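For reference, the structure discussed in these notes is given below.
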Amino acid sequence: MSKVLVVGSLNMDFVLDVKNMPKPGETILAKGLNFVPGGKGANQAFAMGKLGTDVGMIGAIGKDEYGEKLLCNLKSVNVNTDGIITMPNENTGCAFVNVDEHGENSIVVVGGTNQKITKQMIDEHSELIDEADIIVMQLEIPIDVVAYIAKLAKDKGKYVILDPAPARADLPDELFKNIDIIKPNETEVQILTCKKAETIEELVEAGKVLLKKGVKNVIVTLGGSGSILINENGHKKFETMDVKVIDTTAAGDSFTAALTKGLVENKSVEEAIEFAHLVSAIVCTKKGAQTSIPSMDEIEKFIKN
């Protein structure tokens, strides 16, 4: 089985249960508070580990209670944490997540140690890139480091997947040409391309902008409406499963993780997308980020039922 390396963020999520999202200037009362391991990078690495993927991670935590819990959590699903650096004088990243009664969420992230990752740290763990076949990244660590890793990985013949969140319009052009799959949602693809993209036709045109920049495959996720694959062969719409949504937190991260697992198992991109939709649908039926990610046994039981 191929090895996967995730390079990205680790956060402790402060998850607030609220009736409705607060409006500007409004104070509301939360129904509860939970501390949940998170961070887009850690979520994806954890999900891959729980799905049985041979995966390691490069990232950074503070020498604090939250960092230790995040590290232990990844180890619990056999993620190789040799590339996770502990910074004694910095705080572990945190995210404050509001989840309303419809399962929708809004997230504010405090970067902490995630923003302290440097190219030198990557070079010090370059053997982890050498050992991997697929490199997965997000945008919760410095952009110059993301671009550096993508080029380094491509020069070594690796397959590169980018989950461009949080999205920004100023990504360097050289980054795109080193990406095999970019996976924005419908909001993120508009930010990346500075184009209005609300209809399927507009989303496809936005995806083509990224293809022209050098990306090989664009997968635009549409929440409950499925996803669209755009590449040199054209475009294809995929549907997702109809489930009772409890919490959408980590649905996108689990999609990326399941997509990667599918590719590791030599599925086509199309087959990997179908599997990713199945996993992310299951995630939406549970609360939390990493706590909502299913094992392969749970997935098989879900299919049978």
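A note on labels: chains of the structure tokens are A, B, ... as shown, every chain counts residues from 1, and ligands are counted from 1 in their shown order.
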
> Could you name the residues that touch range 235-241 of chain A at 9 Å or less, counting only C-alpha atoms, but leaving out those on the same chain fewer than 5 positions away, as number ranges by chain?
Replying inline: A: 200, 204, 223-230, 270, 273-274, 277-278, 280-282

Could you write those residues out with N, CA and C atoms, as a PDB file, in the first residue's frame?
ATOM      1  N   ILE A 200     -23.890  25.469 -12.273  1.00  0.00           N
ATOM      2  CA  ILE A 200     -22.966  24.415 -12.683  1.00  0.00           C
ATOM      3  C   ILE A 200     -22.048  24.908 -13.798  1.00  0.00           C
ATOM      4  N   VAL A 204     -17.971  25.164 -13.586  1.00  0.00           N
ATOM      5  CA  VAL A 204     -17.094  24.495 -14.548  1.00  0.00           C
ATOM      6  C   VAL A 204     -16.123  25.499 -15.168  1.00  0.00           C
ATOM      7  N   GLY A 223     -21.399  20.545  -1.031  1.00  0.00           N
ATOM      8  CA  GLY A 223     -22.191  20.200   0.149  1.00  0.00           C
ATOM      9  C   GLY A 223     -23.161  19.085  -0.165  1.00  0.00           C
ATOM     10  N   GLY A 224     -24.428  19.285   0.185  1.00  0.00           N
ATOM     11  CA  GLY A 224     -25.449  18.276  -0.051  1.00  0.00           C
ATOM     12  C   GLY A 224     -25.793  18.055  -1.509  1.00  0.00           C
ATOM     13  N   SER A 225     -25.241  18.885  -2.388  1.00  0.00           N
ATOM     14  CA  SER A 225     -25.525  18.755  -3.825  1.00  0.00           C
ATOM     15  C   SER A 225     -24.469  17.959  -4.573  1.00  0.00           C
ATOM     16  N   GLY A 226     -23.506  17.380  -3.855  1.00  0.00           N
ATOM     17  CA  GLY A 226     -22.514  16.526  -4.500  1.00  0.00           C
ATOM     18  C   GLY A 226     -21.226  17.244  -4.846  1.00  0.00           C
ATOM     19  N   SER A 227     -20.697  16.983  -6.029  1.00  0.00           N
ATOM     20  CA  SER A 227     -19.432  17.591  -6.452  1.00  0.00           C
ATOM     21  C   SER A 227     -19.324  17.558  -7.971  1.00  0.00           C
ATOM     22  N   ILE A 228     -18.347  18.298  -8.476  1.00  0.00           N
ATOM     23  CA  ILE A 228     -18.065  18.319  -9.917  1.00  0.00           C
ATOM     24  C   ILE A 228     -16.576  18.074 -10.116  1.00  0.00           C
ATOM     25  N   LEU A 229     -16.245  17.128 -10.982  1.00  0.00           N
ATOM     26  CA  LEU A 229     -14.862  16.890 -11.396  1.00  0.00           C
ATOM     27  C   LEU A 229     -14.639  17.586 -12.729  1.00  0.00           C
ATOM     28  N   ILE A 230     -13.582  18.402 -12.791  1.00  0.00           N
ATOM     29  CA  ILE A 230     -13.240  19.120 -14.016  1.00  0.00           C
ATOM     30  C   ILE A 230     -11.780  18.820 -14.359  1.00  0.00           C
ATOM     31  N   GLU A 270     -12.595   9.126 -10.380  1.00  0.00           N
ATOM     32  CA  GLU A 270     -14.056   9.055 -10.294  1.00  0.00           C
ATOM     33  C   GLU A 270     -14.499   8.102  -9.187  1.00  0.00           C
ATOM     34  N   ILE A 273     -13.855   9.603  -5.781  1.00  0.00           N
ATOM     35  CA  ILE A 273     -14.854  10.629  -5.438  1.00  0.00           C
ATOM     36  C   ILE A 273     -16.119   9.973  -4.887  1.00  0.00           C
ATOM     37  N   GLU A 274     -16.573   8.894  -5.508  1.00  0.00           N
ATOM     38  CA  GLU A 274     -17.767   8.184  -5.036  1.00  0.00           C
ATOM     39  C   GLU A 274     -17.565   7.709  -3.594  1.00  0.00           C
ATOM     40  N   HIS A 277     -17.679  10.663  -1.136  1.00  0.00           N
ATOM     41  CA  HIS A 277     -19.038  11.112  -0.822  1.00  0.00           C
ATOM     42  C   HIS A 277     -19.691  10.215   0.222  1.00  0.00           C
ATOM     43  N   LEU A 278     -19.453   8.928   0.142  1.00  0.00           N
ATOM     44  CA  LEU A 278     -20.008   8.003   1.124  1.00  0.00           C
ATOM     45  C   LEU A 278     -19.490   8.321   2.522  1.00  0.00           C
ATOM     46  N   SER A 280     -18.015  11.136   3.703  1.00  0.00           N
ATOM     47  CA  SER A 280     -18.397  12.455   4.209  1.00  0.00           C
ATOM     48  C   SER A 280     -19.874  12.499   4.602  1.00  0.00           C
ATOM     49  N   ALA A 281     -20.721  11.709   3.929  1.00  0.00           N
ATOM     50  CA  ALA A 281     -22.136  11.636   4.310  1.00  0.00           C
ATOM     51  C   ALA A 281     -22.282  11.047   5.705  1.00  0.00           C
ATOM     52  N   ILE A 282     -21.511  10.011   5.995  1.00  0.00           N
ATOM     53  CA  ILE A 282     -21.552   9.399   7.325  1.00  0.00           C
ATOM     54  C   ILE A 282     -21.090  10.398   8.381  1.00  0.00           C
TER      55      ILE A 282
END

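Within range 81-180 of chain A, DSSP run on the backbone puts these residues in alpha helix (DSSP H): Lys119, Gln120, Met121, Ile122, Asp123, Glu124, Ser126, Glu127, Leu128, Ile129, Asp130, Glu131, Ile143, Asp144, Val145, Val146, Ala147, Tyr148, Ile149, Ala150, Lys151, Leu152, Ala153, Lys154, Asp155, Asp173, Glu174, Leu175 and Phe176 of chain A.
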
Filtering to C-alpha atoms, could you give me those residues as a PDB file, in the first residue's frame?
ATOM      1  CA  LYS A 119      10.952  25.556   4.986  1.00  0.00           C
ATOM      2  CA  GLN A 120      13.856  24.525   7.223  1.00  0.00           C
ATOM      3  CA  MET A 121      11.512  22.301   9.254  1.00  0.00           C
ATOM      4  CA  ILE A 122      10.353  20.672   6.032  1.00  0.00           C
ATOM      5  CA  ASP A 123      13.953  20.044   4.951  1.00  0.00           C
ATOM      6  CA  GLU A 124      14.670  18.466   8.343  1.00  0.00           C
ATOM      7  CA  SER A 126      12.476  15.501   3.918  1.00  0.00           C
ATOM      8  CA  GLU A 127      12.801  11.738   4.350  1.00  0.00           C
ATOM      9  CA  LEU A 128       9.060  11.624   5.088  1.00  0.00           C
ATOM     10  CA  ILE A 129       8.408  13.170   1.662  1.00  0.00           C
ATOM     11  CA  ASP A 130      10.826  10.686   0.080  1.00  0.00           C
ATOM     12  CA  GLU A 131       8.932   7.756   1.630  1.00  0.00           C
ATOM     13  CA  ILE A 143       1.644  29.805   1.938  1.00  0.00           C
ATOM     14  CA  ASP A 144       5.322  30.005   1.027  1.00  0.00           C
ATOM     15  CA  VAL A 145       5.854  26.693   2.829  1.00  0.00           C
ATOM     16  CA  VAL A 146       2.914  25.091   0.994  1.00  0.00           C
ATOM     17  CA  ALA A 147       4.347  26.216  -2.371  1.00  0.00           C
ATOM     18  CA  TYR A 148       7.819  24.998  -1.343  1.00  0.00           C
ATOM     19  CA  ILE A 149       6.502  21.539  -0.411  1.00  0.00           C
ATOM     20  CA  ALA A 150       4.455  21.246  -3.616  1.00  0.00           C
ATOM     21  CA  LYS A 151       7.513  21.947  -5.795  1.00  0.00           C
ATOM     22  CA  LEU A 152       9.739  19.691  -3.698  1.00  0.00           C
ATOM     23  CA  ALA A 153       7.185  16.887  -3.910  1.00  0.00           C
ATOM     24  CA  LYS A 154       6.677  17.290  -7.663  1.00  0.00           C
ATOM     25  CA  ASP A 155      10.449  17.304  -8.249  1.00  0.00           C
ATOM     26  CA  ASP A 173       0.984  30.842  -9.794  1.00  0.00           C
ATOM     27  CA  GLU A 174       3.882  28.397  -9.411  1.00  0.00           C
ATOM     28  CA  LEU A 175       1.895  26.499  -6.768  1.00  0.00           C
ATOM     29  CA  PHE A 176      -0.904  25.500  -9.170  1.00  0.00           C
TER      30      PHE A 176
END

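Pairwise distance (CA of Lys287 in chain A, CA of Val245 in chain A) equals 9.5 Å.
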
>> Which of range 67-279 of chain A end up as strand (DSSP E) when DSSP is run on this backbone - answer as an MDAnalysis selection string?
In response: chainID A and resid 80:87 93:99 105:110 134:137 159:162 181:182 217:221 227:231 234:238

Put those residues in a file: C-alpha atoms, as a PDB file, in the first residue's frame.
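In the end it all went to selection30.pdb:
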ATOM      1  CA  ASN A  80       3.197   8.400  12.112  1.00  0.00           C
ATOM      2  CA  THR A  81       3.843  11.560  14.178  1.00  0.00           C
ATOM      3  CA  ASP A  82       7.641  11.680  13.759  1.00  0.00           C
ATOM      4  CA  GLY A  83       7.247  14.859  11.702  1.00  0.00           C
ATOM      5  CA  ILE A  84       5.239  16.754  14.324  1.00  0.00           C
ATOM      6  CA  ILE A  85       7.439  19.332  16.058  1.00  0.00           C
ATOM      7  CA  THR A  86       6.844  20.545  19.620  1.00  0.00           C
ATOM      8  CA  MET A  87       7.598  24.268  20.135  1.00  0.00           C
ATOM      9  CA  GLY A  93      -3.415  26.300  17.315  1.00  0.00           C
ATOM     10  CA  CYS A  94      -7.072  26.647  18.311  1.00  0.00           C
ATOM     11  CA  ALA A  95     -10.370  26.922  16.443  1.00  0.00           C
ATOM     12  CA  PHE A  96     -13.668  28.256  17.748  1.00  0.00           C
ATOM     13  CA  VAL A  97     -16.535  26.464  16.021  1.00  0.00           C
ATOM     14  CA  ASN A  98     -20.205  27.476  16.216  1.00  0.00           C
ATOM     15  CA  VAL A  99     -22.572  24.646  15.231  1.00  0.00           C
ATOM     16  CA  ASN A 105     -20.966  25.652  11.221  1.00  0.00           C
ATOM     17  CA  SER A 106     -18.843  28.799  11.254  1.00  0.00           C
ATOM     18  CA  ILE A 107     -15.203  28.663  12.302  1.00  0.00           C
ATOM     19  CA  VAL A 108     -12.624  31.166  13.580  1.00  0.00           C
ATOM     20  CA  VAL A 109      -9.040  29.867  13.719  1.00  0.00           C
ATOM     21  CA  VAL A 110      -6.100  31.100  15.823  1.00  0.00           C
ATOM     22  CA  ILE A 134       0.932  11.134  -2.118  1.00  0.00           C
ATOM     23  CA  ILE A 135       1.366  14.502  -0.377  1.00  0.00           C
ATOM     24  CA  VAL A 136      -1.761  16.211   1.008  1.00  0.00           C
ATOM     25  CA  MET A 137      -1.816  19.871   2.102  1.00  0.00           C
ATOM     26  CA  TYR A 159       1.237  13.040  -6.366  1.00  0.00           C
ATOM     27  CA  VAL A 160       0.083  16.313  -4.780  1.00  0.00           C
ATOM     28  CA  ILE A 161      -3.402  17.073  -3.411  1.00  0.00           C
ATOM     29  CA  LEU A 162      -4.327  20.531  -2.130  1.00  0.00           C
ATOM     30  CA  ILE A 181      -5.869  17.545  -7.481  1.00  0.00           C
ATOM     31  CA  ILE A 182      -7.240  20.753  -5.981  1.00  0.00           C
ATOM     32  CA  ASN A 217      -7.879  17.866 -11.725  1.00  0.00           C
ATOM     33  CA  VAL A 218     -10.344  20.226 -10.028  1.00  0.00           C
ATOM     34  CA  ILE A 219     -12.973  18.757  -7.688  1.00  0.00           C
ATOM     35  CA  VAL A 220     -15.513  21.358  -6.564  1.00  0.00           C
ATOM     36  CA  THR A 221     -17.543  20.085  -3.602  1.00  0.00           C
ATOM     37  CA  SER A 227     -19.432  17.591  -6.452  1.00  0.00           C
ATOM     38  CA  ILE A 228     -18.065  18.319  -9.917  1.00  0.00           C
ATOM     39  CA  LEU A 229     -14.862  16.890 -11.396  1.00  0.00           C
ATOM     40  CA  ILE A 230     -13.240  19.120 -14.016  1.00  0.00           C
ATOM     41  CA  ASN A 231     -10.176  18.072 -16.018  1.00  0.00           C
ATOM     42  CA  GLY A 234     -14.382  17.584 -19.559  1.00  0.00           C
ATOM     43  CA  HIS A 235     -16.528  17.598 -16.433  1.00  0.00           C
ATOM     44  CA  LYS A 236     -18.692  15.164 -14.483  1.00  0.00           C
ATOM     45  CA  LYS A 237     -21.276  15.769 -11.755  1.00  0.00           C
ATOM     46  CA  PHE A 238     -21.418  13.437  -8.741  1.00  0.00           C
TER      47      PHE A 238
END

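Each of A:Ile246, A:Ala257, A:Ile28, A:Ile299 was compared to Lys286 in chain A using only C-alpha atoms, and A:Ile246 turns out to be the nearest.
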
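CA of Gly49 in chain A lies 7.9 Å from CA of Leu74 in chain A.
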
>> Could you list, as a PyMOL selection string, every residue within 12 Å of Asn20 in chain A, counting only C-alpha atoms and ignoring same-chain residues fewer than 3 positions away?
In response: chain A and resi 16-17+23+26-31+98-106

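Residues in contact with Gln44 in chain A at 6 Å, where only C-alpha atoms are counted and same-chain residues fewer than 2 positions away are skipped, are listed as A:Gly41, A:Ala42, A:Phe46, A:Ala47, A:Asp253, A:Ala257.
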
Write to file, as an mmCIF file, in the first residue's frame, the residues of the selection just made, with all heavy atoms.
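Contents of the output file again-v7.cif:
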data_model
loop_
_atom_site.group_PDB
_atom_site.id
_atom_site.type_symbol
_atom_site.label_atom_id
_atom_site.label_comp_id
_atom_site.auth_asym_id
_atom_site.auth_seq_id
_atom_site.Cartn_x
_atom_site.Cartn_y
_atom_site.Cartn_z
ATOM 1 N N GLY A 41 -5.302 19.747 8.757
ATOM 2 C CA GLY A 41 -4.279 18.729 8.517
ATOM 3 C C GLY A 41 -4.465 17.526 9.415
ATOM 4 O O GLY A 41 -4.462 16.374 8.950
ATOM 5 N N ALA A 42 -4.652 17.766 10.711
ATOM 6 C CA ALA A 42 -4.823 16.669 11.659
ATOM 7 C C ALA A 42 -6.110 15.903 11.386
ATOM 8 O O ALA A 42 -6.145 14.668 11.502
ATOM 9 C CB ALA A 42 -4.817 17.201 13.093
ATOM 10 N N PHE A 46 -5.932 12.041 10.658
ATOM 11 C CA PHE A 46 -6.689 11.158 11.546
ATOM 12 C C PHE A 46 -7.671 10.313 10.746
ATOM 13 O O PHE A 46 -7.783 9.091 10.952
ATOM 14 C CB PHE A 46 -7.430 11.979 12.595
ATOM 15 C CG PHE A 46 -8.190 11.152 13.592
ATOM 16 C CD1 PHE A 46 -7.614 10.773 14.796
ATOM 17 C CD2 PHE A 46 -9.498 10.757 13.335
ATOM 18 C CE1 PHE A 46 -8.314 10.008 15.720
ATOM 19 C CE2 PHE A 46 -10.209 9.990 14.248
ATOM 20 C CZ PHE A 46 -9.616 9.622 15.441
ATOM 21 N N ALA A 47 -8.392 10.956 9.835
ATOM 22 C CA ALA A 47 -9.378 10.226 9.030
ATOM 23 C C ALA A 47 -8.705 9.150 8.189
ATOM 24 O O ALA A 47 -9.202 8.025 8.089
ATOM 25 C CB ALA A 47 -10.139 11.203 8.135
ATOM 26 N N ASP A 253 -12.942 17.631 5.254
ATOM 27 C CA ASP A 253 -11.679 16.956 5.556
ATOM 28 C C ASP A 253 -11.797 15.450 5.355
ATOM 29 O O ASP A 253 -10.866 14.799 4.864
ATOM 30 C CB ASP A 253 -11.248 17.258 6.997
ATOM 31 C CG ASP A 253 -10.875 18.716 7.184
ATOM 32 O OD1 ASP A 253 -10.419 19.343 6.221
ATOM 33 O OD2 ASP A 253 -11.057 19.233 8.307
ATOM 34 N N ALA A 257 -9.729 12.951 2.841
ATOM 35 C CA ALA A 257 -9.082 11.742 3.348
ATOM 36 C C ALA A 257 -9.544 10.503 2.593
ATOM 37 O O ALA A 257 -8.736 9.647 2.205
ATOM 38 C CB ALA A 257 -9.373 11.588 4.842
#

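Take the candidates A:Ile141, A:Ile303, A:Met12, A:Cys72 and check each one against Gly39 in chain A using only C-alpha atoms; the shortest distance goes to A:Met12.
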
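Ranking A:Leu10, A:Pro88, A:Glu205, A:Lys216 by their shortest atom-to-atom distance to Ile179 in chain A, with only C-alpha atoms included, puts A:Lys216 first.
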
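Counting from CA of Phe302 in chain A, the distance to CA of Leu71 in chain A is 29.0 Å.
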
>> Would you pick out the contacts of range 113-117 of chain A at 7 Å or less, using only C-alpha atoms, so that residues sharing its chain but fewer than 2 positions from it are not included, and give the list as a PyMOL selection string?
In response: chain A and resi 9-10+59-62+90-93+111+121+140-142

> In terms of the shortest atom-to-atom distance over only C-alpha atoms, which of A:Gly32, A:Gly67, A:Pro164, A:Gly214 is closest to Asn185 in chain A?
Replying inline: A:Pro164

> Which one of A:Asp242, A:Thr248, A:Leu211, A:Asn73 sits closest to Lys177 in chain A if you count only C-alpha atoms?
Replying inline: A:Leu211

Exercise: Val55 in chain A partners within 8 Å, only C-alpha atoms, chain neighbours under 5 positions left out, as a JSON list (two decimals) with N, CA and C atoms, in the first residue's frame:
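See out-v3.json below for the written result:
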[["chain", "number", "residue", "atom", "x", "y", "z"],
["A", 3, "LYS", "N", 2.22, 5.03, 0.69],
["A", 3, "LYS", "CA", 2.23, 5.87, 1.88],
["A", 3, "LYS", "C", 1.73, 7.27, 1.54],
["A", 4, "VAL", "N", 1.05, 7.87, 2.50],
["A", 4, "VAL", "CA", 0.55, 9.24, 2.35],
["A", 4, "VAL", "C", 1.18, 10.11, 3.41],
["A", 5, "LEU", "N", 1.55, 11.33, 3.05],
["A", 5, "LEU", "CA", 2.06, 12.30, 4.00],
["A", 5, "LEU", "C", 1.16, 13.52, 3.99],
["A", 6, "VAL", "N", 0.62, 13.87, 5.16],
["A", 6, "VAL", "CA", -0.17, 15.09, 5.31],
["A", 6, "VAL", "C", 0.73, 16.15, 5.92],
["A", 45, "ALA", "N", -5.33, 13.65, 8.42],
["A", 45, "ALA", "CA", -4.43, 12.56, 8.80],
["A", 45, "ALA", "C", -5.15, 11.55, 9.68],
["A", 48, "MET", "N", -7.57, 9.49, 7.60],
["A", 48, "MET", "CA", -6.85, 8.49, 6.81],
["A", 48, "MET", "C", -6.40, 7.32, 7.69],
["A", 49, "GLY", "N", -5.89, 7.65, 8.88],
["A", 49, "GLY", "CA", -5.47, 6.59, 9.79],
["A", 49, "GLY", "C", -6.63, 5.71, 10.20],
["A", 78, "ASN", "N", -2.80, 5.21, 14.57],
["A", 78, "ASN", "CA", -1.57, 4.77, 13.91],
["A", 78, "ASN", "C", -1.00, 5.75, 12.88],
["A", 79, "VAL", "N", -1.26, 7.05, 13.09],
["A", 79, "VAL", "CA", -0.59, 8.05, 12.26],
["A", 79, "VAL", "C", 0.85, 8.19, 12.72],
["A", 80, "ASN", "N", 1.79, 8.18, 11.78],
["A", 80, "ASN", "CA", 3.20, 8.40, 12.11],
["A", 80, "ASN", "C", 3.39, 9.88, 12.46]]

>> Would you pick out the contacts of Glu188 in chain A at 12 Å or less, using only C-alpha atoms, so that residues sharing its chain but fewer than 3 positions from it are not included, and give the list as a VMD selection string?
In response: chain A and resid 139 163 to 169 182 to 185 191 to 198 203 206 to 207 218 to 222
